[in-house]
Number of protein chains: 2
Amino acid sequence: MNLHNFLNSIIPFPPEQLQIIRNAFEKETFSKGHRLINVGETCKKLYYLETGLARSYYSNDKGKEITVWFFNDNNFLVGMDSFFNQQPSIYATELLEDCTLYAISYEKLHDLFDQYHLMERFGRVLITQIMGAMVDRLSAIQFQTAQERYDFMLKTYPKIVYRAPLGTIASYLGITQETLSRIRSKH
Amino acid sequence: MNLHNFLNSIIPFPPEQLQIIRNAFEKETFSKGHRLINVGETCKKLYYLETGLARSYYSNDKGKEITVWFFNDNNFLVGMDSFFNQQPSIYATELLEDCTLYAISYEKLHDLFDQYHLMERFGRVLITQIMGAMVDRLSAIQFQTAQERYDFMLKTYPKIVYRAPLGTIASYLGITQETLSRIRSKH
DNA sequence: CTCTCTTTTTGATTTATGTCAAAAGATTAT
DNA sequence: ATAATCTTTTGACATAAATCAAAAAGAGAG
């Protein structure tokens, strides 16, 4: 789904408004491994991820990388802990595949919020959706065994499971990669 | 902090608007143990919790109650998985103390969203805040020991730690109450 | 195609935390 | 007050998953 249709699927904007909003985004392409947001930087843009896959992660005190969030294609990508409050990020965000993105700056986005009531609604509905996904994930991670968490992941993000490296998924699920490997090997 | 000031602290509304919005809420008081939302019901109201404490929880397959969310005073309270998308709740929400609440119906709230651009912004900012808290909680629960999770809880919700029952807190942290009891006993 | 580097798998062992059970301590109701 | 109920603590034991280590498989570079 392209950006135009994605925007419209969340809020049915009047055509002229949709055009203006759509054109506020600029296309960017990066290749696999590119770091979109570094630790300590403030995330200045909201991205629409048209194709590709990305993740946010941090390194814990033992130097191990913990994946905090995956970003699927046909969805927005943003420094979850940084963009909305414009504070320095504690997570890095990197591309797991070559990606095509459409970016809008924080300032431009807020200009649109000021200008269009419907755009403000768009922001509200979008964050509500993101929150819904978080509620699901929280309850999955909170009181389930490694096996159950993996099943949840398979059900919820089947695409990611087969595209992201095993260690990356393991840390996202809060288990070690050895454990995940063992879960997989017994089907 | 009363509702009037709370609203104004998030978005500085023009006085007349603030008055109208404030008056759309109706005061309700319930005593400890009251079930505000039952499993299977759709949460029809957004509440401002002026005084008291509440939690959302569900019973897992072994019949154990898992606390999913606490609601502190001077904050909104809502069926997180139900209100925003108006779907039947999989969690129950009950009061852990006698509570004073101010309620607004989903319909009335959306009327205000339609009517006032600033109200729409209020909704967006509010959910952004809730999401921020969730991001923090997710990273706390994801890859930390029982001890570390408890320390996080102490730091983030000191009030709740000393007011909510131990078993309730334990399930919120994704550990058993025996483990939490042992963590506490060694200071 | 071969070598190097990275990722995944497999094995042996340890450890944190869960489970079960019962006692001690609080709270609430009669 | 006293009984009844609910909550927290303590103990013994079981277990899922972590850790450490090394082999196997896969991917990328020359």
# chains A, B, ... in the order shown; residues from 1 in each chain; ligands from 1
call {"tool": "residues_around", "arguments": {"residues": "segment 56-70 of chain A", "least_positions_apart": "4", "cutoff": "7 Å", "atoms": "only C-alpha atoms (C1' of nucleotides)", "output": "list in words"}}
result
Ile90, Tyr91, Ala92, Thr93, Glu94, Thr168, Ser171 and Tyr172 of chain A; Ser139 of chain B
call {"tool": "interface_residues", "arguments": {"of": "chain C", "to": "chain B", "cutoff": "10 Å", "atoms": "only C-alpha atoms (C1' of nucleotides)", "output": "list in words"}}
result
DA16, DT17, DG18 and DT19 of chain C
call {"tool": "residues_around", "arguments": {"residues": "segment 21-28 of chain C", "least_positions_apart": "3", "cutoff": "10 Å", "atoms": "only C-alpha atoms (C1' of nucleotides)", "output": "list in words"}}
result
DA4, DT5, DC6, DT7, DT8, DT9, DT10, DG11 and DA12 of chain D
call {"tool": "closest_residue", "arguments": {"among": "A:Met153, A:Ile141, A:Leu53, A:Ile160", "to": "chain B", "atoms": "only C-alpha atoms"}}
result
A:Ile141
call {"tool": "select_by_dssp", "arguments": {"residues": "chain B", "states": "strand (DSSP E)", "output": "PyMOL selection string"}}
result
chain B and resi 26-30+35-37+45-51+54-59+65-71+75-77+92-95+99-105
call {"tool": "closest_atom_pairs", "arguments": {"of": "chain B", "to": "chain A", "cutoff": "10 Å", "atoms": "only C-alpha atoms", "output": "Markdown table"}}
result
| residue | atom | partner | partner_atom | distance |
| --- | --- | --- | --- | --- |
| B:Tyr58 | CA | A:Ser139 | CA | 9.9 |
| B:Asn60 | CA | A:Phe143 | CA | 9.1 |
| B:Ile66 | CA | A:Phe143 | CA | 7.9 |
| B:Thr67 | CA | A:Ser139 | CA | 9.5 |
| B:Val68 | CA | A:Ser139 | CA | 6.9 |
| B:Trp69 | CA | A:Val135 | CA | 9.7 |
| B:Met80 | CA | A:Val135 | CA | 7.5 |
| B:Asp81 | CA | A:Gly132 | CA | 6.7 |
| B:Ser82 | CA | A:Gly132 | CA | 9.4 |
| B:Phe84 | CA | A:Thr128 | CA | 7.0 |
| B:Asn85 | CA | A:Thr128 | CA | 8.5 |
| B:Phe113 | CA | A:Arg121 | CA | 8.2 |
| B:Asp114 | CA | A:His117 | CA | 8.5 |
| B:Gln115 | CA | A:His117 | CA | 9.7 |
| B:Tyr116 | CA | A:His117 | CA | 8.4 |
| B:His117 | CA | A:His117 | CA | 5.3 |
| B:Leu118 | CA | A:His117 | CA | 8.5 |
| B:Met119 | CA | A:Glu120 | CA | 9.6 |
| B:Glu120 | CA | A:Arg121 | CA | 6.1 |
| B:Arg121 | CA | A:Glu120 | CA | 6.0 |
| B:Phe122 | CA | A:Arg124 | CA | 9.0 |
| B:Gly123 | CA | A:Arg124 | CA | 6.3 |
| B:Arg124 | CA | A:Arg124 | CA | 4.2 |
| B:Val125 | CA | A:Arg124 | CA | 7.8 |
| B:Leu126 | CA | A:Arg124 | CA | 9.0 |
| B:Ile127 | CA | A:Thr128 | CA | 6.7 |
| B:Thr128 | CA | A:Ile127 | CA | 6.7 |
| B:Gln129 | CA | A:Asn85 | CA | 8.7 |
| B:Ile130 | CA | A:Met131 | CA | 8.3 |
| B:Met131 | CA | A:Met131 | CA | 6.0 |
| B:Gly132 | CA | A:Asp81 | CA | 6.7 |
| B:Ala133 | CA | A:Asp81 | CA | 9.7 |
| B:Met134 | CA | A:Met134 | CA | 7.3 |
| B:Val135 | CA | A:Asp81 | CA | 6.9 |
| B:Asp136 | CA | A:Asp81 | CA | 8.3 |
| B:Arg137 | CA | A:Leu138 | CA | 8.4 |
| B:Leu138 | CA | A:Leu138 | CA | 6.4 |
| B:Ser139 | CA | A:Val68 | CA | 6.9 |
| B:Ile141 | CA | A:Gln142 | CA | 7.0 |
| B:Gln142 | CA | A:Gly174 | CA | 5.1 |
| B:Phe143 | CA | A:Gly174 | CA | 5.2 |
| B:Gln144 | CA | A:Gly174 | CA | 8.6 |
| B:Ser171 | CA | A:Phe143 | CA | 7.7 |
| B:Tyr172 | CA | A:Gln142 | CA | 7.6 |
| B:Leu173 | CA | A:Gln142 | CA | 7.2 |
| B:Gly174 | CA | A:Gln142 | CA | 5.0 |
| B:Ile175 | CA | A:Phe143 | CA | 7.7 |
| B:Thr176 | CA | A:Phe143 | CA | 9.8 |
call {"tool": "interface_residues", "arguments": {"of": "chain D", "to": "chain A", "cutoff": "12 Å", "atoms": "only C-alpha atoms (C1' of nucleotides)", "output": "list in words"}}
result
DA16, DA17, DA18, DT19 and DC20 of chain D
call {"tool": "residues_around", "arguments": {"residues": "segment 2-8 of chain C", "least_positions_apart": "6", "cutoff": "10 Å", "atoms": "only C-alpha atoms (C1' of nucleotides)", "output": "list in words"}}
result
Pro165, Leu166, Gly167, Gln177, Glu178 and Ser181 of chain A; DA24, DA25, DG26, DA27, DG28, DA29 and DG30 of chain D
call {"tool": "atom_distance", "arguments": {"atom1": "atom CA of Phe76 of chain B", "atom2": "atom CA of Phe152 of chain B"}}
result
21.7 Å
call {"tool": "residues_around", "arguments": {"residues": "Thr100 of chain A", "least_positions_apart": "3", "cutoff": "8 Å", "atoms": "only C-alpha atoms (C1' of nucleotides)", "output": "count of residues only"}}
result
8
call {"tool": "residues_around", "arguments": {"residues": "Val78 of chain B", "least_positions_apart": "5", "cutoff": "9 Å", "atoms": "only C-alpha atoms (C1' of nucleotides)", "output": "list in words"}}
result
Cys43, Lys44, Lys45, Leu46, Tyr47, Tyr48, Phe71, Phe83, Phe84 and Thr93 of chain B
call {"tool": "write_last_selection", "arguments": {"atoms": "all heavy atoms", "output": "short mmCIF file (atom, residue, chain, number, x, y, z; two decimals), in the first residue's frame"}}
result
data_model
loop_
_atom_site.label_atom_id
_atom_site.label_comp_id
_atom_site.auth_asym_id
_atom_site.auth_seq_id
_atom_site.Cartn_x
_atom_site.Cartn_y
_atom_site.Cartn_z
N CYS B 43 -16.16 -0.88 27.43
CA CYS B 43 -15.96 0.27 28.32
C CYS B 43 -16.54 1.51 27.66
O CYS B 43 -16.07 1.95 26.61
CB CYS B 43 -14.47 0.46 28.59
SG CYS B 43 -14.08 1.94 29.52
N LYS B 44 -17.57 2.08 28.25
CA LYS B 44 -18.29 3.17 27.59
C LYS B 44 -17.89 4.55 28.07
O LYS B 44 -18.33 5.55 27.53
CB LYS B 44 -19.79 2.97 27.80
CG LYS B 44 -20.33 1.72 27.12
CD LYS B 44 -21.84 1.68 27.16
CE LYS B 44 -22.32 0.32 26.70
NZ LYS B 44 -21.87 -0.78 27.63
N LYS B 45 -17.07 4.60 29.12
CA LYS B 45 -16.71 5.91 29.67
C LYS B 45 -15.21 6.06 29.88
O LYS B 45 -14.52 5.09 30.18
CB LYS B 45 -17.41 6.11 31.02
CG LYS B 45 -18.92 6.23 30.94
CD LYS B 45 -19.49 6.32 32.35
CE LYS B 45 -21.02 6.43 32.31
NZ LYS B 45 -21.57 6.41 33.69
N LEU B 46 -14.77 7.28 29.74
CA LEU B 46 -13.42 7.64 30.15
C LEU B 46 -13.55 8.30 31.52
O LEU B 46 -14.42 9.14 31.73
CB LEU B 46 -12.83 8.64 29.15
CG LEU B 46 -11.49 9.27 29.46
CD1 LEU B 46 -10.35 8.35 29.03
CD2 LEU B 46 -11.35 10.62 28.77
N TYR B 47 -12.70 7.90 32.46
CA TYR B 47 -12.80 8.43 33.82
C TYR B 47 -11.55 9.24 34.17
O TYR B 47 -10.44 8.88 33.79
CB TYR B 47 -12.90 7.30 34.84
CG TYR B 47 -14.09 6.39 34.67
CD1 TYR B 47 -14.02 5.27 33.84
CD2 TYR B 47 -15.27 6.63 35.35
CE1 TYR B 47 -15.10 4.42 33.70
CE2 TYR B 47 -16.36 5.79 35.22
CZ TYR B 47 -16.27 4.68 34.38
OH TYR B 47 -17.35 3.84 34.24
N TYR B 48 -11.78 10.31 34.92
CA TYR B 48 -10.66 10.96 35.60
C TYR B 48 -10.69 10.49 37.05
O TYR B 48 -11.72 10.63 37.73
CB TYR B 48 -10.79 12.48 35.52
CG TYR B 48 -9.70 13.18 36.31
CD1 TYR B 48 -8.39 13.15 35.87
CD2 TYR B 48 -9.98 13.86 37.50
CE1 TYR B 48 -7.38 13.77 36.58
CE2 TYR B 48 -8.98 14.48 38.22
CZ TYR B 48 -7.68 14.43 37.76
OH TYR B 48 -6.68 15.04 38.47
N PHE B 71 -4.06 2.12 37.85
CA PHE B 71 -4.47 3.50 37.61
C PHE B 71 -4.28 4.29 38.89
O PHE B 71 -4.89 4.00 39.91
CB PHE B 71 -5.93 3.55 37.16
CG PHE B 71 -6.16 2.83 35.87
CD1 PHE B 71 -6.64 1.53 35.87
CD2 PHE B 71 -5.87 3.43 34.65
CE1 PHE B 71 -6.84 0.84 34.68
CE2 PHE B 71 -6.07 2.74 33.46
CZ PHE B 71 -6.55 1.45 33.47
N PHE B 83 -11.93 0.77 25.42
CA PHE B 83 -12.54 2.08 25.22
C PHE B 83 -12.23 2.68 23.85
O PHE B 83 -13.12 3.10 23.13
CB PHE B 83 -12.08 3.05 26.32
CG PHE B 83 -12.70 4.42 26.19
CD1 PHE B 83 -14.00 4.65 26.59
CD2 PHE B 83 -11.97 5.47 25.64
CE1 PHE B 83 -14.57 5.91 26.46
CE2 PHE B 83 -12.53 6.73 25.52
CZ PHE B 83 -13.84 6.95 25.92
N PHE B 84 -10.96 2.69 23.50
CA PHE B 84 -10.55 3.43 22.30
C PHE B 84 -11.08 2.82 21.01
O PHE B 84 -11.36 3.53 20.07
CB PHE B 84 -9.02 3.56 22.25
CG PHE B 84 -8.48 4.36 23.39
CD1 PHE B 84 -7.71 3.76 24.39
CD2 PHE B 84 -8.75 5.71 23.50
CE1 PHE B 84 -7.23 4.50 25.45
CE2 PHE B 84 -8.26 6.46 24.56
CZ PHE B 84 -7.50 5.85 25.54
N THR B 93 -11.84 -4.28 35.28
CA THR B 93 -11.21 -3.16 35.97
C THR B 93 -11.93 -2.96 37.30
O THR B 93 -13.15 -2.80 37.33
CB THR B 93 -11.26 -1.89 35.11
OG1 THR B 93 -10.58 -2.13 33.89
CG2 THR B 93 -10.62 -0.72 35.83
#
call {"tool": "atom_distance", "arguments": {"atom1": "atom CA of Ile21 of chain A", "atom2": "atom CA of Leu112 of chain A"}}
result
7.4 Å
call {"tool": "atom_distance", "arguments": {"atom1": "atom CA of Gln19 of chain B", "atom2": "atom CA of Leu3 of chain B"}}
result
10.7 Å
call {"tool": "select_by_dssp", "arguments": {"residues": "chain A", "states": "alpha helix (DSSP H)", "output": "ChimeraX atom specification"}}
result
/A:3-10,15-23,106-115,117-142,146-156,158-161,166-173,177-185
